[in-house]
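J.: Would you mind keeping the following structure in view while I ask a few things?
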Amino acid sequence: MKGSPATVKARIYRIDRSAGNQAGRYQEYEVPLQDRMSVLNLLQYVNEHYDGGLAYYVSCRRGLCAGCAVRVNGKSKLACVELVTGDVTIEPLSEDRVVKDLLIRSSHRDDSQS
Amino acid sequence: MIKTDVLVVGSEGAGARAAIAAHDHGADVLVVTKGRLGKSGATVTAIAGIAVGGRAICDILKLPGNAEDSPEAFFEDIVVEGKYINNQELVGLVVGEGPLRVKELIDWGMRVKVSEARIPGHRYPRCVTTTGRQIVGALKHRINACNRIRLIEDTMITDLLTADGHVAGAVGLDLCTGEPVVISARAVVLATGGGQMVYPIQTAPEELTGDGLAMAYRAGVELIDMEMIQFHPCNFITPPAWKGLGFPFTIGPGGGLRNTWLLNKWGERFMEKWDPKRMENTTRDILSVAIMNEVLEGRGSPNGGVYLSLSHLPANLIDDFGQWFHLVRPDWHYGGFKFGQLVEEIKQGSAMEVVPACHFFMGGIRIGRTCETSLPGLFAVGEVAGGGHGANRLSDVALTEVLVHGAIGGSAAAGFAGECQPVPAEDQQVKELTEKIMRPLARHQGPGPYEVRKRIQGIAWAKAGVVRTGSSLAEAIAEVRSLEEGAMPQLCCRSKDRVYNREWIEAIQLENLLTVLECIALSALARQESRGAHFRRDFPQMDNENHLKNVVLRRDNGRTTVRCTPVALTRCAPPAGVGN
C-alpha cells in the first residue's frame, strides 16, 4: 500500500471484572499494517505479541458464524471481515454483557454454570 | 462435580444431533462446547450440499430428484472415491439412513433446494443444497425444545476419565472462570471435529485442534487411517484477512471457470507434468500434490504458494461469469467478504497466490456400526470418527455423515448409559488431569504457546503435509518427540489471567495438536504407497497387493502400537489387476 503508514494505532477496550475492575479502560497498541488485514488479524497480533490475555471470540474467520462481532470505530462489525485501513478503536458489542475485554456473555450461558 | 447420563462434547452438527438422539432415548444429556452454540464448529461454515441420493430425494423427501440414481450407485461412488479402504458397514449406514435424517431436518425447519448439478465423483445429481446456518439453526431450535438437554458453553473438555475399563466422564476448563470442571457421565459422545489447526493453513474454524482425537488416543482408544487428510487445493495464502479462504477455487479450476492457469515462479503451467489431458481441471488431490511439489522444490510464489492466473480470459467474460455462476453473487460477495476490488485487479492481469489448505480429516477415532469406540461407553460421531470415507471423501457426504452418526451414536450412548453401572473415576486421576490444565499458567519461564504452535505447524506442513516421504515423516516424528520432551513440559503463559486467557487455551490445545501430528506421521509412515489424499513421493503408486488395509494406532501404557488390518470388503471390491 503505497503512501500508507507502516503501523496503525489500535485503541482496545479492556476490562477484567474478575480482577475487581468495574470500569473499562482503553489501551493503545501499535500494530504493523498489512494490506487487507482484518480487525481479527489485528487482535491476533496484539494477543500474540503484546498480551496473551486479551479476550475476544473467534471461530470461522469467514463472516459466517458471527461470533466475533465487536464495535469498530463505534459501529457493529464482524472482526474477521472488517478490514483495517487506519487507526482504529475496538470495543465490545455491549459493555453490560462483557465477560472480559471484547468478549461478551453468550445469550445461552447459564449463570448457574459451575 | 456435574453428573449426567450422557456427556456430548461438541455442540454443532454431529454433537447437536447426538444430543437430540440421546435425549429422545430417555437420557439426561449435557452438551459441553469450547465455543458457542451455533457460533462454532465446521457445520455453520458449510456452503452446504448434502448428498442424499437421487431416488431418495424423490421417494423420501418427495422432491424432484434424479430417479436414475440408486442407493447401490451412491454406495459405490463413496467407496470408489475412498479407494476401497472405507469401512463399508459405515458407508451403508450413511447411504441408507442419510435420507431419513435429512427429511427430519427439513421437518425441523431447514430449507433446501434440490441441486441439478452433477458434483465430481457422483455419477448422478443427488444432493440438496442449503447453508450451514440453516442446518445449525434447525438443530438449535430442536435442542431448545428438549428439556433434558443442558448446555455448557465456553468450556473446553481436556481429558476423558476412565474407571474399570469404561469411560467415566471428563475433565475440562471453564474458560470464563478459569476453574477446572469435572463431569461424571455414564457415556460420552465425542463430536469435536478434525484437527485442521495442526497445519498452518486451513479452511476450517479456529477451534478445530483435534481435541477429541487426542484425548481419546491418550485414553488408549484406537484411531484409524490418521494419514488420510483432505487438502483443498486453491486457497488464498495472502492477504491476511483472506488466508485459507477458497474463493480462488470457487472461481478457478474446480469451480465455475474451466480454463484457468496455475503457474510456478518461472511462469510454467506445471499441471502439464501431472495430468496433461485435464490440466487444472483434474481432481483436488492431484492439484494439491502438484502445487505443493512446486513449492517444496523451490518454484513457488513469494508467500509459499503458486499463481492462479485468469489473465488470458477477456475482462467481460469474467464480468459475465459473476452474473451466471451460482456460488458467487453478481456483486462478487462470497462468504462474508467483498471481492469486487480483487476482481478488478484480476481483470487487469494480476494473478492470485494460492496454496492447498487442510480441509477435512477422513481418519479419526475407529468406530463400529453404533459409533462405539474401543473404549466401552465412549462414542465418536462426525468428523472426529474415522473410517467411513476411506482414503478420500466424496463431496457433500460430510454433512450426511454428521447427521447419520449423530442419530446413531446419540441413541447408542443413551442405551449404554441406561444399562451400565456407573463407576466413579478415582480421585487421583481427576487430580492429575486437572493439575495438568493449570501447569502452563503456574510456570514462570519457558517457551510461549504461540511460538511452539508455529513450530508444530511448520513441521506438519514441511514433513507430514500434502507431499510426504519416508525420511520426512521420520524427521517429523523425531521432532514431535523432541518437542514433547523439551518445549511442552516447560510451556509458559506470559499472561496469568484466569478468565478467557487465549494464551492459556492455546497452551492446552498444543498438547492435542502435537499428538495429532504424531499420529498422522506414524500412520503415513506405515502406509508405503500413495492412495487418495495420502501421497508418498517415495511410493507414488497405489499398491492393492500390500496396502489394501487400514492403519490402526493405539497407545497403551505410554507405548504406541501401529498395526495394519485388512479392509472388510463386504459389498464392493477393487477391480482385479488395477494398480493405480
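Each chain in the C-alpha cells gets a letter, A, B and so on, in the order shown; residues start at 1 in every chain, and ligands are counted from 1 in the order they appear.
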Sorted by chain and rising residue number, list the residues of chain B at most 7 Å from chain A (counting only C-alpha atoms), each with its closest atom pair and distance in Å to one decimal, as JSON lines.
T.:
{"residue": "B:Lys39", "atom": "CA", "partner": "A:Cys65", "partner_atom": "CA", "distance": 4.7}
{"residue": "B:Ser40", "atom": "CA", "partner": "A:Ser59", "partner_atom": "CA", "distance": 5.5}
{"residue": "B:Val44", "atom": "CA", "partner": "A:Cys65", "partner_atom": "CA", "distance": 6.3}
{"residue": "B:Thr45", "atom": "CA", "partner": "A:Leu64", "partner_atom": "CA", "distance": 5.9}
{"residue": "B:Ile152", "atom": "CA", "partner": "A:Arg109", "partner_atom": "CA", "distance": 6.8}
{"residue": "B:Glu153", "atom": "CA", "partner": "A:Arg109", "partner_atom": "CA", "distance": 6.4}
{"residue": "B:Ala204", "atom": "CA", "partner": "A:Cys60", "partner_atom": "CA", "distance": 6.9}
{"residue": "B:Pro205", "atom": "CA", "partner": "A:Cys60", "partner_atom": "CA", "distance": 4.2}
{"residue": "B:Glu206", "atom": "CA", "partner": "A:Ser59", "partner_atom": "CA", "distance": 5.1}
{"residue": "B:Glu207", "atom": "CA", "partner": "A:Ser59", "partner_atom": "CA", "distance": 6.3}
{"residue": "B:Pro239", "atom": "CA", "partner": "A:Arg36", "partner_atom": "CA", "distance": 5.6}
{"residue": "B:Pro240", "atom": "CA", "partner": "A:Met37", "partner_atom": "CA", "distance": 5.3}
{"residue": "B:Ala241", "atom": "CA", "partner": "A:Met37", "partner_atom": "CA", "distance": 4.9}
{"residue": "B:Gly335", "atom": "CA", "partner": "A:Arg62", "partner_atom": "CA", "distance": 6.1}
{"residue": "B:Gly336", "atom": "CA", "partner": "A:Gly63", "partner_atom": "CA", "distance": 4.1}
{"residue": "B:Phe337", "atom": "CA", "partner": "A:Val81", "partner_atom": "CA", "distance": 6.1}
{"residue": "B:Tyr450", "atom": "CA", "partner": "A:Glu48", "partner_atom": "CA", "distance": 6.5}
{"residue": "B:Arg494", "atom": "CA", "partner": "A:Gly52", "partner_atom": "CA", "distance": 6.5}
{"residue": "B:Ser495", "atom": "CA", "partner": "A:Gly53", "partner_atom": "CA", "distance": 5.3}
{"residue": "B:Asp497", "atom": "CA", "partner": "A:Gly53", "partner_atom": "CA", "distance": 6.0}
{"residue": "B:Tyr500", "atom": "CA", "partner": "A:Ala55", "partner_atom": "CA", "distance": 5.9}
{"residue": "B:Asn501", "atom": "CA", "partner": "A:Gly53", "partner_atom": "CA", "distance": 4.5}
{"residue": "B:Arg502", "atom": "CA", "partner": "A:Gly53", "partner_atom": "CA", "distance": 5.8}
{"residue": "B:Glu503", "atom": "CA", "partner": "A:Gly52", "partner_atom": "CA", "distance": 4.8}
J.: With only C-alpha atoms as the atoms that count, which of B:Val567, B:Ala42, B:Met156, B:Met438 lies nearest to Phe361 of chain B?
T.: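 Using only C-alpha atoms, the shortest distance to Phe361 of chain B belongs to B:Ala42.
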J.: Quick one: everything within 12 Å of segment 94-96 of chain A, counting only C-alpha atoms, minus sequence neighbours fewer than 5 positions away in the same chain. Send it as number ranges by chain.
T.: A: 13-17, 22-25, 69-71, 74-76, 101-106
J.: Could you write out that same residue set with N, CA and C atoms as a PDB file, in the first residue's frame?
T.:
ATOM      1  N   TYR A  13     -10.642  -1.651  24.084  1.00  0.00           N
ATOM      2  CA  TYR A  13     -11.321  -1.597  25.385  1.00  0.00           C
ATOM      3  C   TYR A  13     -10.906  -2.799  26.217  1.00  0.00           C
ATOM      4  N   ARG A  14     -10.462  -2.534  27.445  1.00  0.00           N
ATOM      5  CA  ARG A  14     -10.001  -3.615  28.313  1.00  0.00           C
ATOM      6  C   ARG A  14     -10.740  -3.554  29.638  1.00  0.00           C
ATOM      7  N   ILE A  15     -11.170  -4.732  30.088  1.00  0.00           N
ATOM      8  CA  ILE A  15     -11.745  -4.825  31.437  1.00  0.00           C
ATOM      9  C   ILE A  15     -11.634  -6.269  31.893  1.00  0.00           C
ATOM     10  N   ASP A  16     -11.304  -6.450  33.168  1.00  0.00           N
ATOM     11  CA  ASP A  16     -11.326  -7.795  33.737  1.00  0.00           C
ATOM     12  C   ASP A  16     -12.088  -7.713  35.050  1.00  0.00           C
ATOM     13  N   ARG A  17     -13.355  -8.070  35.000  1.00  0.00           N
ATOM     14  CA  ARG A  17     -14.201  -7.939  36.192  1.00  0.00           C
ATOM     15  C   ARG A  17     -13.717  -8.863  37.307  1.00  0.00           C
ATOM     16  N   GLN A  22     -14.480  -2.432  37.814  1.00  0.00           N
ATOM     17  CA  GLN A  22     -15.865  -2.212  37.415  1.00  0.00           C
ATOM     18  C   GLN A  22     -15.941  -1.371  36.151  1.00  0.00           C
ATOM     19  N   ALA A  23     -14.932  -0.553  35.931  1.00  0.00           N
ATOM     20  CA  ALA A  23     -14.950   0.302  34.745  1.00  0.00           C
ATOM     21  C   ALA A  23     -13.850  -0.115  33.787  1.00  0.00           C
ATOM     22  N   GLY A  24     -14.152  -0.030  32.510  1.00  0.00           N
ATOM     23  CA  GLY A  24     -13.156  -0.385  31.496  1.00  0.00           C
ATOM     24  C   GLY A  24     -12.185   0.753  31.258  1.00  0.00           C
ATOM     25  N   ARG A  25     -11.151   0.469  30.513  1.00  0.00           N
ATOM     26  CA  ARG A  25     -10.195   1.499  30.104  1.00  0.00           C
ATOM     27  C   ARG A  25      -9.785   1.181  28.670  1.00  0.00           C
ATOM     28  N   ALA A  69     -18.376 -10.581  16.469  1.00  0.00           N
ATOM     29  CA  ALA A  69     -18.891  -9.219  16.341  1.00  0.00           C
ATOM     30  C   ALA A  69     -18.366  -8.316  17.465  1.00  0.00           C
ATOM     31  N   VAL A  70     -17.843  -7.160  17.085  1.00  0.00           N
ATOM     32  CA  VAL A  70     -17.372  -6.136  18.028  1.00  0.00           C
ATOM     33  C   VAL A  70     -17.770  -4.771  17.465  1.00  0.00           C
ATOM     34  N   ARG A  71     -17.521  -3.708  18.252  1.00  0.00           N
ATOM     35  CA  ARG A  71     -17.726  -2.375  17.694  1.00  0.00           C
ATOM     36  C   ARG A  71     -16.393  -1.848  17.176  1.00  0.00           C
ATOM     37  N   GLY A  74     -17.034   2.531  16.633  1.00  0.00           N
ATOM     38  CA  GLY A  74     -18.406   2.841  17.030  1.00  0.00           C
ATOM     39  C   GLY A  74     -19.483   2.041  16.318  1.00  0.00           C
ATOM     40  N   LYS A  75     -19.114   1.293  15.283  1.00  0.00           N
ATOM     41  CA  LYS A  75     -20.147   0.557  14.536  1.00  0.00           C
ATOM     42  C   LYS A  75     -19.984  -0.944  14.737  1.00  0.00           C
ATOM     43  N   SER A  76     -21.115  -1.635  14.808  1.00  0.00           N
ATOM     44  CA  SER A  76     -21.093  -3.081  15.000  1.00  0.00           C
ATOM     45  C   SER A  76     -20.605  -3.774  13.721  1.00  0.00           C
ATOM     46  N   ASP A 101     -12.742  -7.851  28.459  1.00  0.00           N
ATOM     47  CA  ASP A 101     -12.294  -7.132  27.257  1.00  0.00           C
ATOM     48  C   ASP A 101     -13.394  -7.082  26.188  1.00  0.00           C
ATOM     49  N   LEU A 102     -13.186  -7.781  25.072  1.00  0.00           N
ATOM     50  CA  LEU A 102     -14.137  -7.713  23.961  1.00  0.00           C
ATOM     51  C   LEU A 102     -15.115  -8.879  23.973  1.00  0.00           C
ATOM     52  N   LEU A 103     -14.926  -9.781  24.925  1.00  0.00           N
ATOM     53  CA  LEU A 103     -15.772 -10.989  24.979  1.00  0.00           C
ATOM     54  C   LEU A 103     -17.038 -10.704  25.772  1.00  0.00           C
ATOM     55  N   ILE A 104     -18.198 -10.893  25.124  1.00  0.00           N
ATOM     56  CA  ILE A 104     -19.448 -10.704  25.849  1.00  0.00           C
ATOM     57  C   ILE A 104     -20.065 -12.053  26.183  1.00  0.00           C
ATOM     58  N   ARG A 105     -20.910 -12.051  27.213  1.00  0.00           N
ATOM     59  CA  ARG A 105     -21.551 -13.281  27.671  1.00  0.00           C
ATOM     60  C   ARG A 105     -22.424 -13.840  26.559  1.00  0.00           C
ATOM     61  N   SER A 106     -22.396 -15.151  26.411  1.00  0.00           N
ATOM     62  CA  SER A 106     -23.255 -15.784  25.418  1.00  0.00           C
ATOM     63  C   SER A 106     -24.702 -15.693  25.878  1.00  0.00           C
TER      64      SER A 106
END
J.: Calculate how many Å separate atom CA of Gly49 of chain B from atom CA of Gly132 of chain B, rounding to one decimal.
T.: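 Going from atom CA of Gly49 of chain B over to atom CA of Gly132 of chain B, I get 9.2 Å.
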